[in-house]
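Shown next: work20.cif, given as mmCIF, C-alpha atoms.
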```
data_coords
#
loop_
_atom_site.label_atom_id
_atom_site.label_comp_id
_atom_site.auth_asym_id
_atom_site.auth_seq_id
_atom_site.Cartn_x
_atom_site.Cartn_y
_atom_site.Cartn_z
CA MET A 1 42.58 -42.73 -59.66
CA ASN A 2 45.40 -44.42 -61.59
CA ALA A 3 44.83 -46.98 -64.34
CA LEU A 4 45.47 -50.02 -62.12
CA ALA A 5 43.07 -48.87 -59.39
CA ALA A 6 40.38 -48.10 -61.98
CA THR A 7 40.82 -51.46 -63.73
CA ASN A 8 40.70 -53.34 -60.41
CA ARG A 9 37.56 -51.45 -59.46
CA ASN A 10 35.81 -52.38 -62.71
CA PHE A 11 36.90 -56.00 -62.33
CA ARG A 12 35.57 -56.23 -58.76
CA HIS A 13 32.27 -54.70 -59.81
CA ALA A 14 31.97 -57.30 -62.59
CA ALA A 15 32.89 -60.07 -60.15
CA ARG A 16 30.06 -58.97 -57.83
CA ILE A 17 27.61 -58.86 -60.74
CA LEU A 18 28.60 -62.42 -61.64
CA GLY A 19 28.65 -63.64 -58.03
CA LEU A 20 32.18 -65.04 -58.30
CA ASP A 21 33.67 -66.98 -55.42
CA SER A 22 36.03 -64.70 -53.46
CA LYS A 23 39.00 -67.06 -53.87
CA LEU A 24 38.47 -67.29 -57.64
CA GLU A 25 38.10 -63.52 -57.80
CA LYS A 26 41.45 -63.04 -56.05
CA SER A 27 43.11 -65.61 -58.28
CA LEU A 28 41.90 -63.89 -61.45
CA LEU A 29 43.19 -60.53 -60.25
CA ILE A 30 46.76 -61.59 -59.44
CA PRO A 31 49.13 -61.65 -62.46
CA PHE A 32 50.48 -65.01 -63.59
CA ARG A 33 54.03 -63.65 -63.80
CA GLU A 34 55.79 -60.29 -63.45
CA ILE A 35 59.14 -59.83 -65.23
CA LYS A 36 61.57 -56.98 -64.60
CA VAL A 37 64.91 -56.86 -66.41
CA GLU A 38 67.86 -54.51 -66.70
CA CYS A 39 68.87 -53.57 -70.24
CA THR A 40 72.29 -51.97 -70.69
CA ILE A 41 73.39 -50.90 -74.17
CA PRO A 42 76.25 -48.91 -75.69
CA LYS A 43 75.09 -45.62 -77.17
CA ASP A 44 76.38 -44.39 -80.50
CA ASP A 45 78.94 -42.19 -78.72
CA GLY A 46 80.39 -45.22 -76.88
CA SER A 47 78.87 -44.46 -73.47
CA LEU A 48 76.77 -47.04 -71.63
CA VAL A 49 73.18 -46.46 -70.58
CA SER A 50 70.79 -48.70 -68.65
CA TYR A 51 67.02 -49.02 -68.89
CA VAL A 52 64.47 -51.11 -67.02
CA GLY A 53 62.15 -53.36 -69.00
CA PHE A 54 58.92 -54.97 -67.83
CA ARG A 55 56.65 -57.77 -69.02
CA ILE A 56 53.52 -58.55 -67.03
CA GLN A 57 51.85 -61.83 -67.98
CA HIS A 58 48.41 -61.64 -66.45
CA ASP A 59 46.44 -64.76 -67.41
CA ASN A 60 46.73 -67.74 -69.76
CA ALA A 61 43.53 -69.69 -68.98
CA ARG A 62 42.12 -69.13 -72.49
CA GLY A 63 45.34 -69.35 -74.48
CA PRO A 64 48.76 -67.73 -74.98
CA MET A 65 49.12 -64.33 -73.38
CA LYS A 66 48.93 -61.35 -75.73
CA GLY A 67 49.80 -57.69 -75.45
CA GLY A 68 51.87 -54.81 -76.71
CA ILE A 69 55.31 -53.53 -75.79
CA ARG A 70 55.58 -49.79 -75.28
CA TYR A 71 58.63 -47.54 -75.12
CA HIS A 72 57.80 -44.50 -73.00
CA PRO A 73 59.45 -42.57 -70.14
CA GLU A 74 56.48 -43.19 -67.83
CA VAL A 75 56.36 -46.97 -68.19
CA ASP A 76 56.03 -48.41 -64.70
CA PRO A 77 54.80 -51.68 -63.13
CA ASP A 78 51.38 -50.31 -62.14
CA GLU A 79 50.60 -49.05 -65.63
CA VAL A 80 51.84 -52.22 -67.31
CA ASN A 81 49.92 -54.35 -64.79
CA ALA A 82 46.68 -52.49 -65.52
CA LEU A 83 47.13 -52.81 -69.28
CA ALA A 84 47.97 -56.52 -69.00
CA GLN A 85 44.79 -57.13 -67.03
CA LEU A 86 42.74 -55.13 -69.54
CA MET A 87 44.15 -57.32 -72.31
CA THR A 88 42.89 -60.42 -70.49
CA TRP A 89 39.32 -59.10 -70.45
CA LYS A 90 39.63 -57.57 -73.95
CA THR A 91 40.68 -60.82 -75.63
CA ALA A 92 37.88 -62.62 -73.80
CA VAL A 93 35.30 -60.03 -74.91
CA ALA A 94 36.54 -60.46 -78.49
CA ASP A 95 36.29 -64.24 -77.95
CA ILE A 96 39.76 -64.93 -79.35
CA PRO A 97 41.88 -67.67 -77.71
CA TYR A 98 44.33 -65.48 -75.83
CA GLY A 99 45.06 -64.26 -72.34
CA GLY A 100 46.50 -60.88 -71.41
CA ALA A 101 50.01 -59.46 -71.14
CA LYS A 102 51.76 -56.13 -71.54
CA GLY A 103 55.36 -54.95 -71.61
CA GLY A 104 57.47 -51.89 -71.85
CA ILE A 105 60.79 -50.15 -71.38
CA GLY A 106 61.13 -46.89 -69.51
CA CYS A 107 62.83 -44.80 -72.18
CA GLU A 108 62.24 -41.85 -74.50
CA PRO A 109 62.42 -43.40 -77.98
CA ARG A 110 62.61 -40.01 -79.70
CA GLU A 111 65.95 -39.42 -77.99
CA LEU A 112 67.45 -42.69 -79.27
CA SER A 113 68.87 -43.31 -82.73
CA VAL A 114 67.58 -46.19 -84.85
CA SER A 115 70.70 -48.24 -84.05
CA GLU A 116 70.28 -47.54 -80.31
CA LEU A 117 66.63 -48.61 -80.46
CA GLU A 118 67.64 -51.79 -82.24
CA ARG A 119 70.28 -52.62 -79.63
CA LEU A 120 67.83 -51.92 -76.81
CA THR A 121 65.14 -54.12 -78.41
CA ARG A 122 67.56 -56.99 -78.96
CA VAL A 123 68.89 -56.85 -75.37
CA PHE A 124 65.32 -56.80 -74.01
CA THR A 125 64.45 -59.80 -76.20
CA GLN A 126 67.54 -61.68 -74.99
CA LYS A 127 66.38 -61.18 -71.40
CA ILE A 128 62.82 -62.45 -71.96
CA HIS A 129 63.10 -64.85 -74.94
CA ASP A 130 62.58 -67.97 -72.84
CA LEU A 131 59.35 -66.54 -71.39
CA ILE A 132 57.65 -65.54 -74.65
CA GLY A 133 56.68 -67.60 -77.70
CA ALA A 134 53.91 -68.39 -80.17
CA HIS A 135 52.14 -70.62 -77.63
CA ARG A 136 53.21 -68.79 -74.47
CA ASP A 137 53.19 -64.99 -74.86
CA VAL A 138 52.91 -63.04 -78.13
CA PRO A 139 54.05 -59.36 -78.05
CA ALA A 140 52.86 -56.65 -80.43
CA PRO A 141 53.56 -52.95 -81.10
CA ASP A 142 52.30 -50.28 -78.72
CA MET A 143 53.11 -46.67 -77.89
CA GLY A 144 56.64 -45.84 -79.07
CA THR A 145 57.11 -49.13 -80.95
CA ASN A 146 56.17 -50.26 -84.45
CA SER A 147 56.50 -53.00 -87.04
CA GLN A 148 60.27 -52.48 -87.20
CA THR A 149 60.51 -53.14 -83.45
CA MET A 150 58.61 -56.39 -83.97
CA ALA A 151 60.98 -57.34 -86.81
CA TRP A 152 63.96 -56.96 -84.45
CA ILE A 153 62.23 -59.07 -81.77
CA LEU A 154 61.39 -61.75 -84.35
CA ASP A 155 64.97 -61.87 -85.57
CA GLU A 156 66.53 -61.97 -82.10
CA TYR A 157 64.06 -64.56 -80.81
CA SER A 158 64.66 -66.75 -83.90
CA LYS A 159 68.39 -66.88 -83.09
CA PHE A 160 67.46 -68.90 -80.00
CA HIS A 161 64.40 -70.83 -81.23
CA GLY A 162 64.60 -71.06 -85.03
CA HIS A 163 62.44 -69.09 -87.45
CA SER A 164 59.31 -68.21 -85.46
CA PRO A 165 57.09 -65.65 -87.24
CA ALA A 166 54.17 -66.26 -84.84
CA VAL A 167 56.18 -65.02 -81.82
CA VAL A 168 55.06 -61.42 -82.49
CA THR A 169 52.26 -59.72 -84.40
CA GLY A 170 52.19 -56.31 -86.04
CA LYS A 171 55.20 -57.30 -88.15
CA PRO A 172 56.10 -55.95 -91.60
CA ILE A 173 54.18 -57.73 -94.36
CA ASP A 174 57.47 -59.06 -95.78
CA LEU A 175 58.13 -60.92 -92.53
CA GLY A 176 54.69 -62.49 -92.13
CA GLY A 177 52.59 -59.52 -91.07
CA SER A 178 48.91 -59.42 -91.96
CA LEU A 179 47.28 -57.26 -94.58
CA GLY A 180 44.87 -54.87 -92.86
CA ARG A 181 46.75 -54.86 -89.54
CA GLU A 182 47.82 -51.20 -89.70
CA GLU A 183 44.26 -49.88 -89.87
CA ALA A 184 42.69 -52.66 -87.78
CA THR A 185 42.14 -50.76 -84.52
CA GLY A 186 40.71 -47.69 -86.24
CA LEU A 187 38.50 -49.77 -88.53
CA GLY A 188 37.35 -51.87 -85.56
CA VAL A 189 36.40 -48.66 -83.74
CA VAL A 190 34.22 -47.70 -86.71
CA PHE A 191 32.54 -51.14 -86.79
CA ALA A 192 31.91 -50.83 -83.03
CA THR A 193 30.46 -47.35 -83.51
CA GLN A 194 28.14 -48.61 -86.24
CA ALA A 195 26.92 -51.42 -83.97
CA LEU A 196 26.18 -49.00 -81.12
CA LEU A 197 24.49 -46.34 -83.24
CA ALA A 198 22.22 -48.94 -84.85
CA VAL A 199 20.68 -49.61 -81.42
CA TYR A 200 19.53 -45.99 -81.35
CA GLY A 201 18.32 -45.96 -84.94
CA LYS A 202 21.26 -43.86 -86.07
CA SER A 203 24.16 -44.25 -88.48
CA ILE A 204 27.53 -42.58 -88.95
CA SER A 205 26.20 -40.60 -91.90
CA ASN A 206 25.58 -36.93 -91.06
CA LEU A 207 26.49 -37.22 -87.37
CA LYS A 208 29.14 -34.85 -86.00
CA PHE A 209 32.34 -36.43 -84.64
CA ALA A 210 35.23 -35.05 -82.57
CA ILE A 211 38.41 -37.16 -82.45
CA GLN A 212 40.99 -36.56 -79.73
CA GLY A 213 44.21 -38.15 -80.98
CA PHE A 214 45.14 -38.30 -84.65
CA GLY A 215 47.74 -41.06 -84.54
CA ASN A 216 47.32 -44.51 -86.02
CA VAL A 217 43.94 -45.21 -84.42
CA GLY A 218 42.37 -41.76 -84.71
CA SER A 219 43.51 -41.10 -88.27
CA TRP A 220 42.25 -44.42 -89.62
CA ALA A 221 38.96 -44.01 -87.73
CA ALA A 222 38.62 -40.51 -89.22
CA LYS A 223 39.25 -41.84 -92.74
CA TYR A 224 36.54 -44.52 -92.46
CA ILE A 225 34.07 -42.21 -90.70
CA HIS A 226 34.52 -39.65 -93.49
CA GLU A 227 34.03 -42.35 -96.14
CA ASN A 228 30.79 -43.38 -94.39
CA GLY A 229 29.38 -39.85 -94.52
CA GLY A 230 30.23 -38.73 -90.99
CA LYS A 231 31.07 -35.08 -90.40
CA ILE A 232 34.30 -34.71 -88.38
CA VAL A 233 34.17 -31.25 -86.81
CA ALA A 234 37.36 -31.38 -84.69
CA VAL A 235 40.57 -33.38 -84.35
CA SER A 236 43.64 -32.98 -82.14
CA ASP A 237 47.04 -34.51 -81.46
CA ILE A 238 50.23 -33.50 -79.64
CA THR A 239 50.91 -30.81 -82.28
CA GLY A 240 47.61 -28.98 -81.78
CA ALA A 241 43.96 -29.07 -82.73
CA VAL A 242 41.80 -27.94 -85.63
CA LYS A 243 38.05 -27.49 -86.01
CA ASN A 244 35.48 -26.80 -88.70
CA PRO A 245 31.77 -26.86 -87.76
CA ASN A 246 30.92 -27.72 -91.38
CA GLY A 247 33.21 -30.76 -91.33
CA LEU A 248 36.94 -31.14 -91.95
CA ASP A 249 38.23 -32.35 -95.30
CA ILE A 250 39.84 -35.50 -93.91
CA PRO A 251 41.75 -36.62 -97.06
CA ASN A 252 43.40 -33.19 -97.28
CA LEU A 253 44.03 -33.10 -93.53
CA LEU A 254 45.76 -36.49 -93.74
CA LYS A 255 47.95 -35.20 -96.59
CA HIS A 256 48.76 -32.05 -94.60
CA ARG A 257 49.67 -34.01 -91.49
CA LYS A 258 51.83 -36.42 -93.50
CA SER A 259 53.77 -33.64 -95.22
CA THR A 260 54.18 -31.32 -92.20
CA ARG A 261 53.94 -33.86 -89.34
CA SER A 262 51.56 -31.42 -87.67
CA LEU A 263 47.93 -30.30 -87.60
CA LYS A 264 49.02 -26.66 -87.39
CA ASN A 265 48.37 -24.27 -90.29
CA PHE A 266 45.80 -26.51 -91.95
CA GLN A 267 43.86 -24.22 -94.26
CA GLY A 268 40.59 -26.15 -94.05
CA GLY A 269 39.84 -25.30 -90.42
CA ASP A 270 40.56 -23.06 -87.46
CA ALA A 271 43.02 -23.71 -84.65
CA MET A 272 41.51 -24.51 -81.28
CA ASP A 273 42.58 -25.34 -77.72
CA PRO A 274 43.05 -29.14 -77.62
CA ASP A 275 41.24 -29.30 -74.26
CA GLU A 276 38.25 -27.61 -75.89
CA LEU A 277 37.79 -30.58 -78.21
CA LEU A 278 36.58 -32.83 -75.39
CA VAL A 279 33.67 -30.48 -74.68
CA CYS A 280 32.96 -29.21 -78.19
CA ASP A 281 29.57 -29.43 -79.89
CA CYS A 282 29.38 -32.91 -81.45
CA ASP A 283 27.26 -36.06 -81.47
CA VAL A 284 30.11 -38.54 -80.98
CA LEU A 285 33.31 -37.94 -78.99
CA MET A 286 36.15 -40.34 -79.74
CA PRO A 287 39.14 -40.15 -77.33
CA SER A 288 41.85 -42.00 -79.25
CA ALA A 289 45.11 -41.16 -77.52
CA LEU A 290 45.97 -40.96 -73.83
CA GLY A 291 44.29 -42.39 -70.75
CA GLY A 292 42.43 -40.31 -68.17
CA VAL A 293 41.48 -37.43 -70.47
CA LEU A 294 37.85 -37.47 -69.35
CA ASN A 295 37.73 -36.72 -65.64
CA LYS A 296 35.48 -35.20 -63.00
CA GLY A 297 36.68 -31.76 -64.05
CA ASN A 298 35.36 -31.90 -67.62
CA ALA A 299 32.80 -34.73 -67.72
CA ALA A 300 29.95 -32.41 -66.74
CA HIS A 301 30.68 -30.26 -69.79
CA VAL A 302 30.80 -33.00 -72.44
CA LYS A 303 28.20 -32.21 -75.12
CA ALA A 304 28.44 -35.45 -77.09
CA LYS A 305 25.64 -38.00 -76.83
CA PHE A 306 28.05 -40.92 -77.36
CA VAL A 307 31.64 -41.48 -76.19
CA ILE A 308 33.61 -44.15 -78.08
CA GLU A 309 36.73 -45.19 -76.14
CA ALA A 310 39.24 -45.74 -78.93
CA ALA A 311 42.08 -45.22 -76.41
CA ASN A 312 42.86 -47.38 -73.39
CA HIS A 313 41.27 -46.09 -70.17
CA PRO A 314 40.41 -42.57 -71.42
CA THR A 315 37.58 -42.16 -68.88
CA ASP A 316 38.23 -41.97 -65.14
CA PRO A 317 35.68 -43.80 -62.92
CA GLU A 318 34.45 -40.46 -61.54
CA ALA A 319 33.87 -39.20 -65.07
CA ASP A 320 32.20 -42.47 -65.99
CA GLU A 321 29.62 -41.97 -63.24
CA ILE A 322 28.97 -38.37 -64.29
CA LEU A 323 28.50 -39.33 -67.94
CA PHE A 324 26.19 -42.23 -66.99
CA LYS A 325 24.00 -39.94 -64.84
CA ARG A 326 23.81 -37.45 -67.71
CA GLY A 327 22.58 -40.16 -70.07
CA ILE A 328 25.70 -40.11 -72.24
CA VAL A 329 26.40 -43.56 -73.67
CA VAL A 330 29.99 -44.75 -73.27
CA LEU A 331 31.28 -47.60 -75.44
CA PRO A 332 34.10 -49.11 -73.33
CA ASP A 333 37.69 -49.51 -74.46
CA ILE A 334 37.89 -53.26 -73.86
CA TYR A 335 35.42 -53.65 -76.71
CA ALA A 336 35.71 -50.48 -78.81
CA ASN A 337 39.44 -50.73 -79.55
CA SER A 338 39.68 -54.52 -79.73
CA GLY A 339 40.04 -54.52 -83.52
CA GLY A 340 43.83 -54.36 -83.24
CA VAL A 341 44.21 -57.46 -81.12
CA THR A 342 41.58 -59.26 -83.20
CA VAL A 343 43.56 -58.77 -86.42
CA SER A 344 46.72 -59.62 -84.47
CA TYR A 345 45.00 -62.95 -83.80
CA PHE A 346 44.33 -63.29 -87.54
CA GLU A 347 48.04 -62.63 -88.19
CA TRP A 348 49.04 -65.29 -85.64
CA VAL A 349 46.65 -67.78 -87.27
CA GLN A 350 48.10 -67.04 -90.71
CA ASN A 351 51.65 -67.52 -89.39
CA ILE A 352 50.78 -70.87 -87.84
CA GLN A 353 48.95 -71.98 -90.98
CA GLY A 354 51.67 -70.65 -93.26
CA PHE A 355 48.90 -69.22 -95.44
CA MET A 356 48.22 -65.51 -96.05
CA TRP A 357 44.71 -64.04 -96.20
CA ASP A 358 43.75 -61.27 -98.60
CA GLU A 359 42.75 -57.89 -97.19
CA GLU A 360 39.05 -58.34 -97.96
CA LYS A 361 38.95 -61.51 -95.85
CA VAL A 362 40.72 -59.77 -92.95
CA LYS A 363 38.23 -56.89 -92.94
CA CYS A 364 35.24 -59.18 -93.37
CA GLU A 365 36.30 -61.37 -90.45
CA LEU A 366 37.04 -58.31 -88.29
CA LYS A 367 33.56 -56.91 -88.88
CA LYS A 368 32.01 -60.27 -88.01
CA TYR A 369 33.95 -60.48 -84.73
CA MET A 370 33.13 -56.87 -83.75
CA MET A 371 29.40 -57.24 -84.44
CA THR A 372 29.17 -60.58 -82.64
CA SER A 373 31.00 -59.24 -79.58
CA PHE A 374 28.59 -56.30 -79.37
CA LYS A 375 25.59 -58.64 -79.41
CA HIS A 376 27.11 -60.64 -76.55
CA ILE A 377 27.76 -57.45 -74.55
CA GLN A 378 24.16 -56.36 -75.13
CA ALA A 379 22.92 -59.72 -73.86
CA MET A 380 25.05 -59.40 -70.71
CA CYS A 381 23.72 -55.86 -70.13
CA LYS A 382 20.15 -57.13 -70.44
CA THR A 383 20.77 -60.06 -68.10
CA HIS A 384 22.39 -57.96 -65.37
CA ASP A 385 20.72 -54.58 -66.04
CA CYS A 386 24.05 -52.77 -66.23
CA SER A 387 25.99 -50.28 -68.34
CA LEU A 388 27.89 -51.22 -71.48
CA ARG A 389 31.17 -51.02 -69.54
CA MET A 390 29.99 -53.43 -66.88
CA GLY A 391 28.38 -55.62 -69.52
CA ALA A 392 31.71 -55.88 -71.35
CA PHE A 393 33.70 -56.50 -68.15
CA ALA A 394 31.19 -59.10 -66.96
CA LEU A 395 31.36 -60.84 -70.36
CA GLY A 396 35.16 -60.95 -70.33
CA VAL A 397 35.56 -61.91 -66.67
CA ASN A 398 32.90 -64.61 -66.97
CA ARG A 399 34.64 -66.23 -69.95
CA VAL A 400 38.02 -66.25 -68.18
CA ALA A 401 36.48 -67.56 -64.95
CA ARG A 402 34.75 -70.39 -66.80
CA ALA A 403 37.95 -71.35 -68.59
CA THR A 404 39.85 -71.28 -65.29
CA LEU A 405 37.33 -73.57 -63.61
CA LEU A 406 37.15 -75.95 -66.58
CA ARG A 407 40.93 -76.36 -66.50
CA GLY A 408 40.64 -77.72 -62.97
CA TRP A 409 41.11 -74.78 -60.61
CA GLU A 410 39.86 -75.67 -57.14
CA ALA A 411 38.20 -73.09 -54.92
#
```

Could you show the structure in this file as structure tokens?
Amino acid sequence: MNALAATNRNFRHAARILGLDSKLEKSLLIPFREIKVECTIPKDDGSLVSYVGFRIQHDNARGPMKGGIRYHPEVDPDEVNALAQLMTWKTAVADIPYGGAKGGIGCEPRELSVSELERLTRVFTQKIHDLIGAHRDVPAPDMGTNSQTMAWILDEYSKFHGHSPAVVTGKPIDLGGSLGREEATGLGVVFATQALLAVYGKSISNLKFAIQGFGNVGSWAAKYIHENGGKIVAVSDITGAVKNPNGLDIPNLLKHRKSTRSLKNFQGGDAMDPDELLVCDCDVLMPSALGGVLNKGNAAHVKAKFVIEAANHPTDPEADEILFKRGIVVLPDIYANSGGVTVSYFEWVQNIQGFMWDEEKVKCELKKYMMTSFKHIQAMCKTHDCSLRMGAFALGVNRVARATLLRGWEA
């Protein structure tokens, strides 16, 4: 089941739990606007090449639409649509005043030079500049993009609209970015994990963790888990995987990965099959990279007691059912990885205020938002006797539905 079908399925289940009117349900599911543009740029060798860019703006009932822009060969309308919808429910679960959007360009960024990436970003911005903005739609980095990409968007957008730092988040600090934004998603995952474990009388300290994906989210989560006394027994990324049943030395692993750009040949652990990580002996499994990694083929073999969805849509619906029947607790992505968009909201607020927060305030506010959101999800689960995933979806969908009705939508 692809990401869009799975997201629609979860939404419809939440709508049934809430007893939504069928017309309102259909209205909430259909995107507000779908944008598709052609982006032609000259390459460094003088040849011309064309790419297709997308921006799906799903819902703006609760505020400006918000979502990342990814550069990846497999970017397509269905994937972007699913991620835009997830952002709508995620921002509502976090209770920040945004709707959902997502964008992307179907390209392989590793095959483009820095100057080619800049030209592509500026052409894409030129095509969509009149449809984004601080109070309309606020992009952010995603897979294949970064703070530099956001700096180019900011600069190109400002040529048309004047200096507008709040048009994007995830910017460099020198251009109005927020302190604490880089680690926000990983730190938010750790706060979410602490909130969940507390329900079961447990803490991060001395539990065994396996982290699939050692990019921005996974590496920061690993750092904070290690600092809180957690034992990380396995990590993996696209370069390979490494394990140590006694716990990996995360500071040294981070240094090794930074210097070699790989997990291979790390002296503090043994190489392992990356697929083995998902079913290794651990207390907490943290998929932090690609979607769909937990499926009906491996869900029955997962040994972890808790699955923390640091990635977007890492668990297929079939796997979700298997894990639920086995008593494995899954903390859903629309809550677990919402730390990034929450601190993006803080960045947007700082840009509008023209006043920068210190890092301690950012982290303190992030923890408060993550803990409060978990309490609201728990309350929804208790009210409707449902899983954490359905509790989170019901919470998000209910908030968007209420905002839609309050604004004057007629059934």

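Among the candidates A:Phe324, A:Asp95, A:Ala401, A:Gly53, the residue lying nearest to Tyr369 (chain A) is A:Asp95 (atoms considered: all atoms listed in the file).
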
Which residues of region 248-323 of chain A have any atom within 12 Å of an atom in region 79-83 of chain A when counting all atoms listed in the file, and what is the closest pair of atoms for each, with the distance in Å to one decimal? Order the rows by chain and rising number and write it as a tab-separated table.
```
residue	atom	partner	partner_atom	distance
A:Gly291	CA	A:Glu79	CA	10.5
A:Ala311	CA	A:Leu83	CA	11.6
A:Asn312	CA	A:Leu83	CA	8.0
A:His313	CA	A:Leu83	CA	9.0
```

Using only C-alpha atoms, which residues sit within 7 Å of Leu277 (chain A) once same-chain residues fewer than 6 positions away are excluded, as JSON, numbers by chain? {"A": [210, 212, 234]}

Suppose a student applies the PyMOL selection byres ((chain A and resi 28-36) around 8) to this structure; what residues should they get, written as number ranges by chain? A: 8, 24-27, 37-38, 52-60, 81, 85, 401

With C-alpha atoms retained, export the selected residues as an mmCIF file, in the coordinates of the input.
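Output contents, as saved in selection-v9.cif:
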```cif
data_model
loop_
_atom_site.group_PDB
_atom_site.id
_atom_site.type_symbol
_atom_site.label_atom_id
_atom_site.label_comp_id
_atom_site.auth_asym_id
_atom_site.auth_seq_id
_atom_site.Cartn_x
_atom_site.Cartn_y
_atom_site.Cartn_z
ATOM 1 C CA ASN A 8 40.700 -53.340 -60.410
ATOM 2 C CA LEU A 24 38.470 -67.290 -57.640
ATOM 3 C CA GLU A 25 38.100 -63.520 -57.800
ATOM 4 C CA LYS A 26 41.450 -63.040 -56.050
ATOM 5 C CA SER A 27 43.110 -65.610 -58.280
ATOM 6 C CA VAL A 37 64.910 -56.860 -66.410
ATOM 7 C CA GLU A 38 67.860 -54.510 -66.700
ATOM 8 C CA VAL A 52 64.470 -51.110 -67.020
ATOM 9 C CA GLY A 53 62.150 -53.360 -69.000
ATOM 10 C CA PHE A 54 58.920 -54.970 -67.830
ATOM 11 C CA ARG A 55 56.650 -57.770 -69.020
ATOM 12 C CA ILE A 56 53.520 -58.550 -67.030
ATOM 13 C CA GLN A 57 51.850 -61.830 -67.980
ATOM 14 C CA HIS A 58 48.410 -61.640 -66.450
ATOM 15 C CA ASP A 59 46.440 -64.760 -67.410
ATOM 16 C CA ASN A 60 46.730 -67.740 -69.760
ATOM 17 C CA ASN A 81 49.920 -54.350 -64.790
ATOM 18 C CA GLN A 85 44.790 -57.130 -67.030
ATOM 19 C CA ALA A 401 36.480 -67.560 -64.950
#
```

Taking all atoms listed in the file into account, which of A:Tyr51, A:Phe209, A:Phe374, A:Phe306 comes nearest Glu116 (chain A)? A:Tyr51

Please indicate the distance in Å from CA of Ser205 (chain A) to CA of Glu227 (chain A), rounded to one decimal place. 9.1 Å

Which residues, named as in the file, does the PyMOL selection byres ((chain A and resi 164) around 9) pick out? Answer as a ChimeraX atom specification. /A:133-134,154-155,157-158,161-163,165-168,351

Ground truth for the PyMOL selection byres ((chain A and resi 279-290) around 7), written as a PyMOL selection string: chain A and resi 207-213+217-218+276-278+291-293+301-311+314

Test item: which residues lie within 12 Å of (45.3, -25.0, -90.1) counting all atoms listed in the file, as a ChimeraX atom specification: /A:234-236,239-244,248-249,252-253,256-257,260,262-272

Pick the closest to Ile132 (chain A) from A:Gly67, A:Gly297, A:Gly230, A:Pro317: which is it, counting only C-alpha atoms? A:Gly67

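Atom to atom, CA of Val138 (chain A) and CA of Gly408 (chain A) stand 24.4 Å apart.
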
Between CA of Asp78 (chain A) and CA of Ile96 (chain A), what distance in Å does the model show, to one decimal? 25.4 Å

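Candidate residues A:Ala94, A:Leu48, A:Met87, A:Ile232 were compared for distance to Leu395 (chain A), and the nearest is A:Ala94, using only C-alpha atoms.
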
Proximity to Glu183 (chain A) - best of A:His226, A:Arg407, A:Lys90, A:Lys363, only C-alpha atoms: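 Looking only at the distances to Glu183 (chain A), the closest residue turns out to be A:Lys363.
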
Give the answer as one residue: which of A:Phe393, A:Tyr98, A:Trp220, A:Phe160 has the shortest atom-to-atom distance to Asp333 (chain A), using all atoms listed in the file?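 The shortest atom-to-atom distance to Asp333 (chain A) comes from A:Phe393.
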
Within 7 Å of (46.2, -56.5, -91.9) in the file's own coordinates, which protein, DNA or RNA residues have an atom, counting all atoms listed in the file? List them as a CSV table (one decimal) with C-alpha atoms, in the coordinates of the input.
```
chain,number,residue,atom,x,y,z
A,178,SER,CA,48.9,-59.4,-92.0
A,179,LEU,CA,47.3,-57.3,-94.6
A,180,GLY,CA,44.9,-54.9,-92.9
A,181,ARG,CA,46.8,-54.9,-89.5
A,182,GLU,CA,47.8,-51.2,-89.7
A,184,ALA,CA,42.7,-52.7,-87.8
A,343,VAL,CA,43.6,-58.8,-86.4
A,359,GLU,CA,42.8,-57.9,-97.2
A,362,VAL,CA,40.7,-59.8,-93.0
```
